[in-house]
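Heads up: the structure comes next, in structure tokens.
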Amino acid sequence: MFNAPLHPSSLSAVQHPLAAYGWDEGWEAEFAPYAAQGLVPGRVVRVDRGQCDVATPDGVVRADTEFVVPRDPMKVVCTGDWVAVDPEGGDPRYARTILPRRTAFVRSTSSKRSEGQVLATNIDHIVICVSLAVELDLGRIERFLALAMSSSSGEALLRKSADSWESGAQPVVVLTKADLVPDPVALSYLVQDVTTTAPGVPVRTVSAHEGEGVGDLAALLGHGTTVLLGASGAGKSTLANALVGQDVMDVQATRDMDGKGRHTTTTRNLLLLPHGGVLIDTPGLRGVGLFDAGDGVGQVFTEIEAYARHCRFQDCAHEREPGCAVLAAVDDGDLPVRRLDSYRKLVRENQWIVAKSDARLRADIRQDWKRKRAEGRAAGEAKRGRGTWRPAPPR
């Protein structure tokens, strides 16, 4: 008796042709209304000039993005998105809609309009690549982590389908080109510096050329979707080739003077990993602007947040206020000055980004600045013996 082939929508999530790309029962439920319309599910593996490559049950197809490029840059189709595509036969085939994202890694653009740029979606692991060919920039690592750890709601930097951090994307810091630091003691000090900078975040060293640490990293990432982030020349494409097991990404040499590389990767590409899961390689990032990352800043600087709970004033800015537990920790040598300076910088930047789209917050910040300037003047007068300084009561 002849058995007709099963339609992909009638298969279990495990048997589905897109299971290797992350298809599961949740996506199947989200897609059900579109399956009823005869549309085909697919995951975007690349977006380029008004079209995108989409992995479907019948293979990778080219689809037009006209219907998934709205004016809101936060809702533009991106590598990692799940979409509903026209069935075979249409010319051109269109990606008709984007399924709701579980997570999205977003940075602020250089635009003065405070827009966000989505770099990757539906991700489980965020690998922050840092090259050991150049001096460590701990402040940049803190910035990446603040983005990765943000759990704000709405148009948040890192959106989640649930409220707990455990349900979102997990950050990992990978120190690449470890073969350039042959002294194990020196390497251990570098790892310790990054570990202190990234509390609670796994830190791994990898030499993709030598194959060292690649297997350990692959095991840590496991299944799911991983995105590689970092500056140009950080070794993302070389690491991607090592994880995939073949040369799927072009690699160029970095400059000897500063370790920077040219933008070998110009688009975001989603690649299948040999032992399960997928990998998204991204172009090198020159700038990493915060975008509504208040929660993330707090998670990166957990020790400062802990000290702050013991400050005399609830709205302590940790600058000159009496009874500031954060400044006391600096004086005692328990908190590095560099760490506090980085915290202040990221808090100010995040406030500025959020305030650009929130008139009430802008007014509150202006009022806070006025209060602090008045306190500064009063403190100066008191120091010169012309008055008595009293800090304003908490708001």
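Residue numbers start at 1 in each chain; chains themselves are named A, B, ... in the order of the structure tokens; ligands are numbered from 1 in the order shown.
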Determine, counting only C-alpha atoms, which protein, DNA and RNA residues have an atom within 9 Å of an atom of segment 271-283 of chain A; residues of the same chain fewer than 4 positions away are not included. Present the result as an mmCIF file with all heavy atoms, in the first residue's frame.
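Contents of the output file part-v6.cif:
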data_model
loop_
_atom_site.group_PDB
_atom_site.id
_atom_site.type_symbol
_atom_site.label_atom_id
_atom_site.label_comp_id
_atom_site.auth_asym_id
_atom_site.auth_seq_id
_atom_site.Cartn_x
_atom_site.Cartn_y
_atom_site.Cartn_z
ATOM 1 N N ALA A 20 16.926 20.918 13.450
ATOM 2 C CA ALA A 20 18.339 21.276 13.595
ATOM 3 C C ALA A 20 18.522 22.780 13.735
ATOM 4 O O ALA A 20 19.523 23.242 14.293
ATOM 5 C CB ALA A 20 19.134 20.759 12.396
ATOM 6 N N TYR A 21 17.575 23.553 13.243
ATOM 7 C CA TYR A 21 17.655 25.010 13.325
ATOM 8 C C TYR A 21 16.997 25.573 14.587
ATOM 9 O O TYR A 21 16.973 26.791 14.778
ATOM 10 C CB TYR A 21 17.006 25.641 12.084
ATOM 11 C CG TYR A 21 17.837 25.492 10.831
ATOM 12 C CD1 TYR A 21 17.672 24.396 9.993
ATOM 13 C CD2 TYR A 21 18.792 26.444 10.487
ATOM 14 C CE1 TYR A 21 18.436 24.247 8.837
ATOM 15 C CE2 TYR A 21 19.564 26.309 9.341
ATOM 16 C CZ TYR A 21 19.376 25.216 8.518
ATOM 17 O OH TYR A 21 20.149 25.081 7.386
ATOM 18 N N GLY A 22 16.456 24.685 15.430
ATOM 19 C CA GLY A 22 15.861 25.135 16.682
ATOM 20 C C GLY A 22 14.351 25.063 16.740
ATOM 21 O O GLY A 22 13.742 25.535 17.705
ATOM 22 N N VAL A 45 18.573 32.844 7.733
ATOM 23 C CA VAL A 45 19.995 32.560 7.905
ATOM 24 C C VAL A 45 20.870 33.705 7.399
ATOM 25 O O VAL A 45 22.071 33.752 7.693
ATOM 26 C CB VAL A 45 20.397 31.252 7.205
ATOM 27 C CG1 VAL A 45 19.632 30.079 7.791
ATOM 28 C CG2 VAL A 45 20.167 31.332 5.699
ATOM 29 N N THR A 79 18.681 38.161 11.062
ATOM 30 C CA THR A 79 19.191 36.795 11.138
ATOM 31 C C THR A 79 18.820 36.172 12.480
ATOM 32 O O THR A 79 19.040 36.767 13.528
ATOM 33 C CB THR A 79 20.713 36.786 10.975
ATOM 34 O OG1 THR A 79 21.055 37.367 9.716
ATOM 35 C CG2 THR A 79 21.263 35.367 11.043
ATOM 36 N N GLY A 80 18.224 34.981 12.414
ATOM 37 C CA GLY A 80 17.753 34.306 13.621
ATOM 38 C C GLY A 80 16.248 34.322 13.762
ATOM 39 O O GLY A 80 15.685 33.537 14.539
ATOM 40 N N LEU A 119 20.776 43.004 16.411
ATOM 41 C CA LEU A 119 21.920 42.288 15.850
ATOM 42 C C LEU A 119 21.651 40.802 15.649
ATOM 43 O O LEU A 119 22.203 40.188 14.746
ATOM 44 C CB LEU A 119 23.145 42.457 16.754
ATOM 45 C CG LEU A 119 23.650 43.888 16.940
ATOM 46 C CD1 LEU A 119 24.902 43.887 17.816
ATOM 47 C CD2 LEU A 119 23.955 44.541 15.602
ATOM 48 N N ALA A 120 20.833 40.201 16.481
ATOM 49 C CA ALA A 120 20.516 38.772 16.370
ATOM 50 C C ALA A 120 19.292 38.496 17.223
ATOM 51 O O ALA A 120 19.052 39.177 18.219
ATOM 52 C CB ALA A 120 21.695 37.909 16.811
ATOM 53 N N ILE A 123 18.144 33.967 20.541
ATOM 54 C CA ILE A 123 19.455 33.436 20.894
ATOM 55 C C ILE A 123 19.442 32.866 22.309
ATOM 56 O O ILE A 123 18.713 33.327 23.177
ATOM 57 C CB ILE A 123 20.542 34.521 20.768
ATOM 58 C CG1 ILE A 123 20.093 35.808 21.464
ATOM 59 C CG2 ILE A 123 20.868 34.796 19.326
ATOM 60 C CD1 ILE A 123 21.041 36.948 21.366
ATOM 61 N N ALA A 218 32.523 24.417 22.871
ATOM 62 C CA ALA A 218 31.378 23.786 22.196
ATOM 63 C C ALA A 218 30.500 23.037 23.189
ATOM 64 O O ALA A 218 29.260 23.086 23.118
ATOM 65 C CB ALA A 218 31.875 22.851 21.101
ATOM 66 N N LEU A 221 28.459 25.547 25.245
ATOM 67 C CA LEU A 221 27.346 26.141 24.510
ATOM 68 C C LEU A 221 26.215 25.145 24.311
ATOM 69 O O LEU A 221 25.040 25.515 24.325
ATOM 70 C CB LEU A 221 27.838 26.664 23.157
ATOM 71 C CG LEU A 221 28.934 27.738 23.222
ATOM 72 C CD1 LEU A 221 29.365 28.141 21.820
ATOM 73 C CD2 LEU A 221 28.452 28.954 24.004
ATOM 74 N N GLY A 222 26.567 23.871 24.098
ATOM 75 C CA GLY A 222 25.540 22.848 23.931
ATOM 76 C C GLY A 222 24.663 23.129 22.737
ATOM 77 O O GLY A 222 25.124 23.620 21.699
ATOM 78 N N HIS A 223 23.379 22.854 22.887
ATOM 79 C CA HIS A 223 22.442 23.088 21.789
ATOM 80 C C HIS A 223 21.903 24.516 21.876
ATOM 81 O O HIS A 223 22.275 25.288 22.740
ATOM 82 C CB HIS A 223 21.304 22.066 21.846
ATOM 83 C CG HIS A 223 21.758 20.654 21.666
ATOM 84 N ND1 HIS A 223 22.146 20.145 20.451
ATOM 85 C CD2 HIS A 223 21.918 19.646 22.563
ATOM 86 C CE1 HIS A 223 22.507 18.875 20.599
ATOM 87 N NE2 HIS A 223 22.374 18.550 21.875
ATOM 88 N N GLY A 224 21.029 24.854 20.975
ATOM 89 C CA GLY A 224 20.452 26.194 20.966
ATOM 90 C C GLY A 224 21.165 27.084 19.964
ATOM 91 O O GLY A 224 21.937 26.636 19.115
ATOM 92 N N THR A 225 20.911 28.386 20.075
ATOM 93 C CA THR A 225 21.466 29.369 19.144
ATOM 94 C C THR A 225 22.498 30.224 19.862
ATOM 95 O O THR A 225 22.225 30.786 20.920
ATOM 96 C CB THR A 225 20.355 30.267 18.577
ATOM 97 O OG1 THR A 225 19.416 29.462 17.860
ATOM 98 C CG2 THR A 225 20.932 31.312 17.643
ATOM 99 N N THR A 226 23.681 30.330 19.266
ATOM 100 C CA THR A 226 24.775 31.109 19.830
ATOM 101 C C THR A 226 25.122 32.246 18.880
ATOM 102 O O THR A 226 25.209 32.044 17.665
ATOM 103 C CB THR A 226 26.031 30.235 20.027
ATOM 104 O OG1 THR A 226 25.734 29.197 20.952
ATOM 105 C CG2 THR A 226 27.200 31.053 20.547
ATOM 106 N N VAL A 227 25.312 33.443 19.410
ATOM 107 C CA VAL A 227 25.755 34.574 18.591
ATOM 108 C C VAL A 227 27.154 34.979 19.028
ATOM 109 O O VAL A 227 27.460 35.024 20.223
ATOM 110 C CB VAL A 227 24.784 35.774 18.695
ATOM 111 C CG1 VAL A 227 24.671 36.295 20.115
ATOM 112 C CG2 VAL A 227 25.221 36.898 17.757
ATOM 113 N N LEU A 228 28.041 35.226 18.060
ATOM 114 C CA LEU A 228 29.395 35.685 18.323
ATOM 115 C C LEU A 228 29.440 37.198 18.158
ATOM 116 O O LEU A 228 29.059 37.724 17.106
ATOM 117 C CB LEU A 228 30.385 35.045 17.343
ATOM 118 C CG LEU A 228 30.529 33.518 17.359
ATOM 119 C CD1 LEU A 228 31.595 33.082 16.355
ATOM 120 C CD2 LEU A 228 30.883 33.016 18.751
ATOM 121 N N LEU A 229 29.914 37.893 19.180
ATOM 122 C CA LEU A 229 30.011 39.346 19.147
ATOM 123 C C LEU A 229 31.428 39.768 19.509
ATOM 124 O O LEU A 229 32.127 39.072 20.251
ATOM 125 C CB LEU A 229 29.027 39.980 20.129
ATOM 126 C CG LEU A 229 27.541 39.692 19.913
ATOM 127 C CD1 LEU A 229 26.740 40.194 21.096
ATOM 128 C CD2 LEU A 229 27.041 40.352 18.631
ATOM 129 N N GLY A 230 31.842 40.919 19.007
ATOM 130 C CA GLY A 230 33.166 41.425 19.345
ATOM 131 C C GLY A 230 33.638 42.429 18.330
ATOM 132 O O GLY A 230 32.999 42.656 17.293
ATOM 133 N N ALA A 231 34.775 43.053 18.629
ATOM 134 C CA ALA A 231 35.343 44.038 17.723
ATOM 135 C C ALA A 231 35.926 43.352 16.494
ATOM 136 O O ALA A 231 36.200 42.150 16.487
ATOM 137 C CB ALA A 231 36.429 44.838 18.445
ATOM 138 N N SER A 232 36.122 44.140 15.433
ATOM 139 C CA SER A 232 36.776 43.610 14.247
ATOM 140 C C SER A 232 38.193 43.173 14.609
ATOM 141 O O SER A 232 38.929 43.899 15.276
ATOM 142 C CB SER A 232 36.822 44.694 13.169
ATOM 143 O OG SER A 232 37.387 44.203 11.989
ATOM 144 N N LYS A 236 36.411 36.288 15.542
ATOM 145 C CA LYS A 236 35.088 35.651 15.510
ATOM 146 C C LYS A 236 34.970 34.661 14.352
ATOM 147 O O LYS A 236 34.479 33.540 14.529
ATOM 148 C CB LYS A 236 33.996 36.716 15.414
ATOM 149 C CG LYS A 236 33.938 37.667 16.579
ATOM 150 C CD LYS A 236 32.766 38.609 16.482
ATOM 151 C CE LYS A 236 32.780 39.418 15.197
ATOM 152 N NZ LYS A 236 34.002 40.261 15.082
ATOM 153 N N SER A 237 35.385 35.076 13.155
ATOM 154 C CA SER A 237 35.242 34.195 11.989
ATOM 155 C C SER A 237 36.114 32.958 12.115
ATOM 156 O O SER A 237 35.704 31.855 11.746
ATOM 157 C CB SER A 237 35.585 34.974 10.711
ATOM 158 O OG SER A 237 34.654 36.016 10.495
ATOM 159 N N ALA A 240 34.382 30.793 14.496
ATOM 160 C CA ALA A 240 33.209 30.196 13.853
ATOM 161 C C ALA A 240 33.617 28.993 13.011
ATOM 162 O O ALA A 240 32.968 27.931 13.055
ATOM 163 C CB ALA A 240 32.492 31.235 12.999
ATOM 164 N N LEU A 243 34.405 26.056 15.299
ATOM 165 C CA LEU A 243 33.218 25.444 15.900
ATOM 166 C C LEU A 243 32.407 24.655 14.870
ATOM 167 O O LEU A 243 31.862 23.592 15.176
ATOM 168 C CB LEU A 243 32.342 26.522 16.535
ATOM 169 C CG LEU A 243 32.894 27.165 17.816
ATOM 170 C CD1 LEU A 243 32.066 28.384 18.205
ATOM 171 C CD2 LEU A 243 32.913 26.164 18.961
ATOM 172 N N VAL A 244 32.327 25.185 13.644
ATOM 173 C CA VAL A 244 31.572 24.498 12.589
ATOM 174 C C VAL A 244 32.339 23.292 12.065
ATOM 175 O O VAL A 244 31.755 22.304 11.610
ATOM 176 C CB VAL A 244 31.248 25.490 11.445
ATOM 177 C CG1 VAL A 244 30.613 24.773 10.254
ATOM 178 C CG2 VAL A 244 30.297 26.579 11.945
ATOM 179 N N GLY A 245 33.694 23.361 12.124
ATOM 180 C CA GLY A 245 34.493 22.240 11.661
ATOM 181 C C GLY A 245 34.928 22.348 10.225
ATOM 182 O O GLY A 245 35.491 21.400 9.665
ATOM 183 N N VAL A 248 33.920 27.989 6.645
ATOM 184 C CA VAL A 248 32.697 28.547 6.073
ATOM 185 C C VAL A 248 32.730 30.076 6.062
ATOM 186 O O VAL A 248 31.955 30.719 5.369
ATOM 187 C CB VAL A 248 31.459 28.071 6.854
ATOM 188 C CG1 VAL A 248 31.237 26.585 6.635
ATOM 189 C CG2 VAL A 248 31.596 28.381 8.345
ATOM 190 N N MET A 249 33.630 30.687 6.851
ATOM 191 C CA MET A 249 33.745 32.138 6.918
ATOM 192 C C MET A 249 35.135 32.556 6.460
ATOM 193 O O MET A 249 36.130 31.916 6.803
ATOM 194 C CB MET A 249 33.502 32.645 8.347
ATOM 195 C CG MET A 249 32.155 32.238 8.933
ATOM 196 S SD MET A 249 30.734 32.833 7.983
ATOM 197 C CE MET A 249 30.988 34.606 8.087
ATOM 198 N N HIS A 263 36.725 44.420 8.098
ATOM 199 C CA HIS A 263 35.427 43.758 8.284
ATOM 200 C C HIS A 263 35.300 42.595 7.312
ATOM 201 O O HIS A 263 34.688 42.702 6.251
ATOM 202 C CB HIS A 263 34.278 44.756 8.094
ATOM 203 C CG HIS A 263 34.142 45.713 9.222
ATOM 204 N ND1 HIS A 263 33.815 45.320 10.494
ATOM 205 C CD2 HIS A 263 34.306 47.049 9.281
ATOM 206 C CE1 HIS A 263 33.760 46.370 11.298
ATOM 207 N NE2 HIS A 263 34.058 47.426 10.582
ATOM 208 N N THR A 264 35.903 41.453 7.683
ATOM 209 C CA THR A 264 35.816 40.258 6.860
ATOM 210 C C THR A 264 34.367 39.815 6.722
ATOM 211 O O THR A 264 33.884 39.501 5.638
ATOM 212 C CB THR A 264 36.640 39.122 7.494
ATOM 213 O OG1 THR A 264 37.954 39.609 7.751
ATOM 214 C CG2 THR A 264 36.711 37.928 6.575
ATOM 215 N N THR A 265 33.648 39.774 7.839
ATOM 216 C CA THR A 265 32.230 39.424 7.835
ATOM 217 C C THR A 265 31.421 40.698 7.687
ATOM 218 O O THR A 265 31.528 41.612 8.498
ATOM 219 C CB THR A 265 31.846 38.713 9.150
ATOM 220 O OG1 THR A 265 32.669 37.562 9.317
ATOM 221 C CG2 THR A 265 30.393 38.304 9.134
ATOM 222 N N THR A 266 30.621 40.787 6.627
ATOM 223 C CA THR A 266 29.836 41.994 6.368
ATOM 224 C C THR A 266 28.348 41.786 6.603
ATOM 225 O O THR A 266 27.588 42.745 6.616
ATOM 226 C CB THR A 266 30.059 42.478 4.923
ATOM 227 O OG1 THR A 266 29.731 41.413 4.014
ATOM 228 C CG2 THR A 266 31.509 42.879 4.705
ATOM 229 N N THR A 267 27.924 40.550 6.767
ATOM 230 C CA THR A 267 26.528 40.250 7.077
ATOM 231 C C THR A 267 26.480 39.284 8.243
ATOM 232 O O THR A 267 27.481 38.667 8.605
ATOM 233 C CB THR A 267 25.812 39.615 5.863
ATOM 234 O OG1 THR A 267 26.496 38.414 5.501
ATOM 235 C CG2 THR A 267 25.792 40.572 4.673
#
Residues near Gly42 of chain A, cut-off 7 Å, only C-alpha atoms, skip fewer than 6 positions along chain, as a ChimeraX atom specification: /A:54-56,82-85
Selected residues, N, CA, C and O atoms, written as a PDB file, in the first residue's frame, please.
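out.pdb written:
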ATOM      1  N   VAL A  54      16.298  31.862   3.675  1.00  0.00           N
ATOM      2  CA  VAL A  54      15.484  31.248   4.717  1.00  0.00           C
ATOM      3  C   VAL A  54      15.593  29.730   4.636  1.00  0.00           C
ATOM      4  O   VAL A  54      15.391  29.141   3.573  1.00  0.00           O
ATOM      5  N   ALA A  55      15.941  29.110   5.776  1.00  0.00           N
ATOM      6  CA  ALA A  55      15.972  27.646   5.850  1.00  0.00           C
ATOM      7  C   ALA A  55      14.547  27.159   6.060  1.00  0.00           C
ATOM      8  O   ALA A  55      13.910  27.482   7.068  1.00  0.00           O
ATOM      9  N   THR A  56      14.021  26.395   5.110  1.00  0.00           N
ATOM     10  CA  THR A  56      12.662  25.866   5.165  1.00  0.00           C
ATOM     11  C   THR A  56      12.722  24.348   5.152  1.00  0.00           C
ATOM     12  O   THR A  56      13.798  23.758   4.955  1.00  0.00           O
ATOM     13  N   TRP A  82      12.320  33.654  13.020  1.00  0.00           N
ATOM     14  CA  TRP A  82      11.453  32.657  12.396  1.00  0.00           C
ATOM     15  C   TRP A  82      10.371  33.400  11.629  1.00  0.00           C
ATOM     16  O   TRP A  82       9.759  34.336  12.160  1.00  0.00           O
ATOM     17  N   VAL A  83      10.147  33.001  10.380  1.00  0.00           N
ATOM     18  CA  VAL A  83       9.212  33.713   9.512  1.00  0.00           C
ATOM     19  C   VAL A  83       8.247  32.750   8.840  1.00  0.00           C
ATOM     20  O   VAL A  83       8.484  31.534   8.791  1.00  0.00           O
ATOM     21  N   ALA A  84       7.163  33.319   8.344  1.00  0.00           N
ATOM     22  CA  ALA A  84       6.210  32.569   7.526  1.00  0.00           C
ATOM     23  C   ALA A  84       6.426  32.984   6.076  1.00  0.00           C
ATOM     24  O   ALA A  84       6.360  34.167   5.749  1.00  0.00           O
ATOM     25  N   VAL A  85       6.720  31.998   5.225  1.00  0.00           N
ATOM     26  CA  VAL A  85       7.111  32.259   3.830  1.00  0.00           C
ATOM     27  C   VAL A  85       6.055  31.696   2.882  1.00  0.00           C
ATOM     28  O   VAL A  85       5.385  30.701   3.181  1.00  0.00           O
TER      29      VAL A  85
END
DSSP helix (DSSP H, G or I) residues within segment 282-352 of chain A, listed as an NGL selection string: :A and (294-300 or 302-308 or 325-331 or 337-352)
Pick from A:Asp64, A:Glu135, A:Glu319, A:Asp81 nearest to Ala234 of chain A, counting only C-alpha atoms: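 Selected residue with least distance to Ala234 of chain A: A:Glu135.
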Surrounding residues of Gly211 of chain A excluding itself and chain neighbours under 3 positions, 10 Å, only C-alpha atoms, as a PyMOL selection string: chain A and resi 179+206-208+214-215+239+242-243
Which residue of A:Gly38, A:Gly50, A:Pro184, A:Gly235 approaches Val68 of chain A most closely, using only C-alpha atoms: A:Gly50
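Among A:Val76, A:Ala35, A:Cys316, A:Val181, the residue with the shortest atom-to-atom distance to Cys52 of chain A, counting only C-alpha atoms, is A:Val76.
Coordinates place atom CA of Gln314 of chain A at a distance of 28.5 Å from atom CA of Leu138 of chain A.
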Best match for closeness to Ala329 of chain A among A:Tyr343, A:Phe144, A:Phe313, A:Tyr307, counting only C-alpha atoms: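 Checking each candidate against Ala329 of chain A, we get A:Tyr307 as the closest.
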